[in-house]
Every structure is written in structure tokens, then in C-alpha cells.
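Data file: coords_22.cif. Format and content: mmCIF, C-alpha atoms.
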```cif
data_model
#
loop_
_atom_site.label_atom_id
_atom_site.label_comp_id
_atom_site.auth_asym_id
_atom_site.auth_seq_id
_atom_site.Cartn_x
_atom_site.Cartn_y
_atom_site.Cartn_z
CA MET A 29 -31.09 -42.04 10.15
CA ARG A 30 -27.64 -40.88 11.20
CA ALA A 31 -27.37 -38.46 8.26
CA ALA A 32 -30.76 -36.97 9.13
CA PHE A 33 -29.66 -36.43 12.74
CA ILE A 34 -26.47 -34.69 11.61
CA ALA A 35 -28.39 -32.49 9.17
CA VAL A 36 -30.95 -31.48 11.81
CA SER A 37 -28.20 -30.80 14.35
CA ALA A 38 -26.25 -28.61 11.92
CA LEU A 39 -29.37 -26.71 10.94
CA SER A 40 -30.39 -26.09 14.54
CA LEU A 41 -26.89 -24.92 15.48
CA SER A 42 -26.81 -22.53 12.54
CA LEU A 43 -30.16 -21.06 13.53
CA ILE A 44 -29.25 -20.64 17.20
CA SER A 45 -25.79 -19.09 16.79
CA ARG A 46 -25.38 -15.35 16.50
CA PRO A 47 -23.28 -13.74 13.75
CA VAL A 48 -19.80 -12.70 14.78
CA VAL A 49 -18.39 -9.20 14.37
CA ALA A 50 -16.81 -9.98 11.00
CA GLN A 51 -20.14 -11.19 9.63
CA THR A 52 -22.25 -8.21 10.69
CA GLN A 53 -23.01 -5.38 8.32
CA GLY A 54 -22.15 -1.85 9.21
CA THR A 55 -19.14 0.11 10.30
CA GLY A 56 -18.43 -1.78 13.52
CA GLN A 57 -14.82 -1.33 14.53
CA ILE A 58 -12.85 -4.55 14.67
CA GLY A 59 -9.38 -3.31 15.63
CA PRO A 60 -8.05 -0.77 18.09
CA SER A 61 -9.03 2.86 17.71
CA VAL A 62 -6.79 5.81 16.90
CA GLU A 63 -6.98 6.91 20.54
CA ASN A 64 -5.62 3.54 21.67
CA PHE A 65 -2.68 3.86 19.29
CA GLN A 66 -1.91 7.38 20.49
CA ALA A 67 -2.06 6.30 24.13
CA ALA A 68 0.23 3.34 23.48
CA ALA A 69 2.72 5.55 21.62
CA ALA A 70 2.77 8.00 24.53
CA LEU A 71 3.63 5.21 26.97
CA ARG A 72 6.56 3.80 25.00
CA PRO A 73 10.00 4.80 26.31
CA VAL A 74 12.33 6.59 23.94
CA ALA A 75 15.74 4.96 23.47
CA SER A 76 18.29 7.36 24.91
CA ALA A 77 21.56 5.59 24.17
CA PRO A 78 22.50 3.61 21.05
CA GLU A 79 24.31 1.03 23.22
CA GLN A 80 21.11 0.24 25.04
CA SER A 81 19.17 -0.36 21.82
CA ALA A 82 21.98 -2.60 20.50
CA ASN A 83 21.76 -4.74 23.62
CA LEU A 84 17.99 -4.96 23.28
CA SER A 85 18.29 -6.12 19.68
CA THR A 86 20.77 -8.82 20.74
CA VAL A 87 18.35 -10.03 23.42
CA THR A 88 15.52 -10.02 20.87
CA VAL A 89 17.54 -12.14 18.43
CA ALA A 90 18.45 -14.58 21.21
CA ARG A 91 14.80 -14.91 22.24
CA ALA A 92 13.73 -15.42 18.63
CA SER A 93 16.33 -18.15 18.26
CA LYS A 94 15.06 -19.89 21.41
CA ARG A 95 11.47 -19.64 20.19
CA THR A 96 12.43 -21.04 16.81
CA GLY A 97 14.39 -23.82 18.48
CA THR A 98 11.47 -24.68 20.74
CA ALA A 99 9.06 -24.76 17.81
CA LEU A 100 11.41 -26.96 15.79
CA MET A 101 11.87 -29.35 18.70
CA ILE A 102 8.11 -29.70 19.16
CA ALA A 103 7.41 -30.12 15.44
CA GLY A 104 10.33 -32.53 15.04
CA ALA A 105 9.20 -34.66 17.96
CA ALA A 106 5.67 -34.74 16.56
CA ALA A 107 6.98 -35.79 13.15
CA LEU A 108 9.22 -38.40 14.76
CA VAL A 109 6.32 -39.94 16.68
CA THR A 110 4.08 -39.77 13.60
CA GLY A 111 6.74 -41.50 11.52
CA LEU A 112 7.09 -44.23 14.11
CA ILE A 113 3.33 -44.76 14.30
CA ILE A 114 2.79 -44.96 10.54
CA ASP A 115 6.07 -46.87 10.08
CA GLU A 116 7.47 -44.41 7.55
CA ASP A 117 11.26 -44.07 7.63
CA VAL A 118 11.48 -40.74 5.78
CA VAL A 119 9.10 -38.98 8.18
CA THR A 120 10.90 -40.46 11.21
CA VAL A 121 14.33 -39.34 10.01
CA ALA A 122 13.07 -35.89 9.01
CA GLY A 123 11.47 -35.48 12.43
CA ALA A 124 14.68 -36.50 14.17
CA ILE A 125 16.68 -34.02 12.09
CA ALA A 126 14.19 -31.20 12.77
CA ALA A 127 14.22 -31.95 16.50
CA GLY A 128 18.03 -31.99 16.49
CA VAL A 129 18.24 -28.65 14.70
CA GLY A 130 15.71 -27.24 17.15
CA LEU A 131 17.77 -28.47 20.10
CA PHE A 132 20.88 -26.93 18.57
CA LEU A 133 19.15 -23.54 18.13
CA TYR A 134 17.70 -23.69 21.63
CA LEU A 135 21.05 -24.45 23.31
CA ARG A 136 23.10 -22.05 21.18
#
```

This entry written out as C-alpha cells:
Amino acid sequence: MRAAFIAVSALSLSLISRPVVAQTQGTGQIGPSVENFQAAAALRPVASAPEQSANLSTVTVARASKRTGTALMIAGAAALVTGLIIDEDVVTVAGAIAAGVGLFLYLR
């Protein structure tokens, strides 16, 4: 009875839903147009001094390091909690190490 309900539900959902853009046939544009790219390029500022671009690249690297550190802390904490729940020492230690490396990268 339960399997029949699931089958009928899946069939009815597939009949009701509309196809998404990627599933339609034709030449529908999915990404931005050439005009959008040209307008965006016209709005970008041109780097006038090499010192300014060097500072921007340093800031970009620092932000990337913070993002990587944040991601490692989150993933490490998740692995640590998962290891504690399933009582697996290797996963717990690996999660703690990943969270520690993430904290190091975030604070650096």
C-alpha cells in the first residue's frame, strides 16, 4: 500500500511540474547576453597604478585565506561531531585537525 502511494505521488508530481530551462528544446538563452558582458566591462574601473593593484591582490589573498579557514573550521567541526556520534576515533581526530588548521588560517 505504501509503495503504491509513493508511486502515485511521484507520477502525479512528474505530470504537474513544468520543464525547466535546461530541459526545454530550442535556442533559449541560459546565460547572460553579449550586451550584458559589454555593459559590465564598460563599468569596470581601470587600474591606474601598479601599487594599487598589488594592494588589491594582497587583500584578495587574505580574504581567500579567511574563507578557506572558515570552511575548514565548519567542515572540521562537522567531522568532529560526526566522529563523536558514531564513536569513530579516526573521524574525530581528523575533524579536530581540520578545525585546528581552519582556525589557524582564519587567525593568520

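Nearest-residue note for A:Val119: choosing from A:Gly97, A:Ala31, A:Gly104, A:Leu131, the minimum distance belongs to A:Gly104, counting only C-alpha atoms.
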
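Between A:Ala103 and the residues A:Ala69, A:Gly123, A:Val129, A:Asp115, the shortest atom-to-atom distance, using all atoms listed in the file, involves A:Gly123.
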
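Going from atom CA of A:Val121 to atom CA of A:Val109 covers 10.4 Å.
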
Query - Atom pair atom CA of A:Arg95 / atom CA of A:Thr110: separation (Å) - result: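 So the two atoms, atom CA of A:Arg95 and atom CA of A:Thr110, lie 22.4 Å apart.
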
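Residues matched by the PyMOL selection byres ((chain A and resi 130) around 10) in this file: Ser93, Lys94, Arg95, Thr96, Gly97, Thr98, Ala99, Leu100, Met101, Ile102, Ala103, Gly104, Ala105, Ala124, Ile125, Ala126, Ala127, Gly128, Val129, Leu131, Phe132, Leu133, Tyr134, Leu135 and Arg136 of chain A.
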
Requested in this report: Rounded to one decimal place, report the atom CA of A:Ala107-atom CA of A:Thr120 distance in Å.
Outcome: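 Computing it gives 6.4 Å between the two atoms.
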